[in-house]
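All remarks here apply to the structure that follows.
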Amino acid sequence: MRKYLFWVIAVTLVSVLLSSCALNVFKGLNTPTNTLALSQTAVDESNSGNFAGALSSSMQVLNTVSNGTVPSTDLYRAVVLSDTSTSARNTLSSVTNFLNTTTSTSLALKNTAEAMLNSINGTMKLNAVTLAASFISFYQHSQSVSVSSVSASDSTLVLSVIKLLISSSHNLQLMQLLEALSGTLIRFDPSNSNWLLSEGIYSTFQIPIILFDSNGNGVLDSGDQIFQYLWNYQTNTFKTQLTSQDYNGIIYNVQLQTYNNIQKSNEVYSNLSKALSDFSSALAAMINSSSNAQTTQILTTIKGYVDRLELAMYAVNGLMISQIQYLGDIQNLIGL
């Protein structure tokens with residue numbers, strides 16, 4: 001009887017072990033295929049406008065690729081609430097940290113980064129190519145203004161650019177996530193002008209948050225000092241018309257948060273340097289692929305400005321930035 005019992009136990013244990021091994025083997029074989037398929041599903045959902053579904057699928061992929069480091073949380077909800085919720089911004093930061101530290105070359109990661117970038121863009125209306133086109137249109141407008149009206153045009157142009165930067169920047173964690181997603185895609189495709197442009201744009205959009213976040217919550221909102229001149233508190237919307245008083249207030253009354261703050265000044269310097277480098281590379285790629293003479297001329301002119309600014313950055317450092325108190329001081333420094 002004991003001998004029989006011994007064999008029953010032995011057979012049971014071996015069966016359990018074999019079943020467990022078989023399950024792990026098949027799970028190991030199926031996971032890469034399933035993960036890649038799920039990442040493609042995320043891309044398809046993003047392209048069809050199902051941004052919530054795309055971000056949900058993307059988080060499942062990241063959870064697998066990161067070996068559980070990135071939790072399968074509701075990223076869509078975190079993105080939507082990121083301007084008002086600290087926990088939502090913490091969720092964005094956890095994804096950003098993984099993207100900035102991983103060396104994975106998984107195609108599933110590339111697909112997921114693209115799906116996430118497109119989905120967040122679509123949800124928050126932050127498409128980098130569209131935003132870049134807005135800046136180019138500002139440049140074209142400034143070139144068409146007669147010499148006699150340069151002063152008025154300058155103030156209008158500066159206000160338009162500031163308003164676009166402030167309205168698009170949202171919170172630091174969201175911009176950092178978008179930059180990290182763009183950087184991930186650049187790692188897979190270093191010469192892609194869209195990804196280079198994206199990284200440059202989202203690096204740029206971190207700068208006004210650092211400069212103007214006077215209440216220190218990492219978000220550009222109506223409680224920050226600059227909104228006194230940009231915001232209609234009765235309608236809770238940006239002003240449609242900005243006056244000369246608004247302009248003077250923004251330029252000479254709003255103290256920059258980098259003033260006497262070397263850490264924030266170094267962050268601005270780092271973001272600006274990265275943005276200029278990305279813009280130069282992206283513009284070079286766009287010029288090489290352009291077949292329209294007028295477009296090529298505009299892009300070449302803008303690249304000339306960018307390259308001169310990039311060269312000028314060698315004479316700038318965080319300490320110098322920390323000594324600038326108002327935007328007007330920046331204008332005087334660079335001769336605007």
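Lettering and numbering for the structure tokens are positional, with chains as A, B, ... in the shown order, residues counted from 1 in each chain, and ligands counted from 1 in the shown order.
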Legend entry - For range 53-66 of chain A: contacts at 7 Å, only C-alpha atoms, fewer than 4 positions along chain excluded, given as a list in words: Thr35, Leu38, Ser39, Ala42, Val43, Glu45, Ser46, Val70, Pro71, Ser72, Thr73, Asp74, Leu75, Tyr76, Thr112, Ala115, Met116 and Ser119 of chain A
Generate the output file for the selected residues, C-alpha atoms, as a compact mmCIF listing (two decimals), in the first residue's frame.
# COMPACT_ATOMS: atom_id res chain seq x y z
CA THR A 35 2.65 41.55 -27.43
CA LEU A 38 -1.33 43.97 -29.22
CA SER A 39 1.04 46.83 -30.08
CA ALA A 42 -2.81 49.99 -30.32
CA VAL A 43 -1.56 51.62 -33.54
CA GLU A 45 -6.93 52.00 -32.53
CA SER A 46 -4.96 55.24 -32.48
CA VAL A 70 5.11 49.86 -15.66
CA PRO A 71 1.69 48.99 -14.17
CA SER A 72 -1.33 48.49 -16.45
CA THR A 73 -3.07 51.64 -15.23
CA ASP A 74 -5.66 53.81 -17.01
CA LEU A 75 -3.29 56.08 -18.93
CA TYR A 76 -6.08 57.78 -20.87
CA THR A 112 3.41 51.37 -28.70
CA ALA A 115 0.34 54.78 -30.74
CA MET A 116 0.77 56.60 -27.44
CA SER A 119 -3.26 59.19 -28.97
Inset, instruction - Check range 97-302 of chain A with DSSP on the backbone and list each residue it calls alpha helix (DSSP H), as a PyMOL selection string. - result: chain A and resi 97-101+107-124+128-143+150-169+172-188+193-204+206-212+227-230+244-252+262-289+293-302
Inset, instruction - May I have the residues within 12 Å of Leu230 in chain A as a ChimeraX atom specification, using only C-alpha atoms and disregarding those fewer than 6 positions away in the same chain? - result: /A:159-160,162-167,220-224,236-250,254
Legend entry - Between CA of Gln255 in chain A and CA of Asn317 in chain A - distance in Å to one decimal: 19.1 Å
Inset, instruction - Determine the nearest neighbour of Thr84 in chain A from the options A:Val219, A:Ile201, A:Met320, A:Ala284, counting only C-alpha atoms. - result: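 Smallest separation from Thr84 in chain A among the options: A:Val219.
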Inset, instruction - Go ahead and compute the interatomic distance for CA of Arg308 in chain A and CA of Thr184 in chain A, in Å to one decimal. - result: 27.5 Å
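Summary of the local environment: counting only C-alpha atoms, residues at most 12 Å from Ala315 in chain A, other than itself and those fewer than 6 positions away along its chain, are Tyr269, Ser273, Arg308, Leu309, Ile321 and Ile334 of chain A.
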Legend entry - strand (DSSP E or B) residues, from DSSP on the backbone, in range 86-298 of chain A, as an MDAnalysis selection string: chainID A and resid 171 219 231:232 237:238
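Here the question is which of A:Ser291, A:Ser270, A:Ser198, A:Thr300 gets nearest to Tyr314 in chain A using only C-alpha atoms, and that residue is A:Ser270.
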Legend entry - Among listed residues A:Leu276, A:Ala113, A:Val129, A:Leu81, nearest Glu310 in chain A (using only C-alpha atoms):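 Nearest candidate to Glu310 in chain A out of A:Leu276, A:Ala113, A:Val129, A:Leu81: A:Leu276.
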Inset, instruction - Would you please work out which residue, of A:Gly68, A:Pro190, A:Gly122, A:Pro208, is nearest to Leu272 in chain A when using only C-alpha atoms? - result: A:Pro208
Legend entry - Best match for closeness to Ser281 in chain A among A:Leu319, A:Leu196, A:Leu256, A:Ile207, counting only C-alpha atoms: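 With only C-alpha atoms as the atom set, the closest residue is A:Leu196.
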Inset, instruction - Give the answer as one residue: which of A:Asn47, A:Gln234, A:Gln297, A:Ser104 has the shortest atom-to-atom distance to Phe188 in chain A, using only C-alpha atoms? - result: A:Ser104
Inset, instruction - Show which residues sit within 10 Å of Gly318 in chain A, as a list in words. Count only C-alpha atoms, and ignore same-chain residues fewer than 4 positions away. - result: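 The neighbour list is Thr258, Asn261, Ile262, Gln263, Lys264, Ser265, Asn266, Glu267, Val268, Tyr269, Ser270, Ser322 and Gln323 of chain A.
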Inset, instruction - Provide the CA of Leu181 in chain A to CA of Thr96 in chain A distance in Å, to one decimal place. - result: 7.9 Å
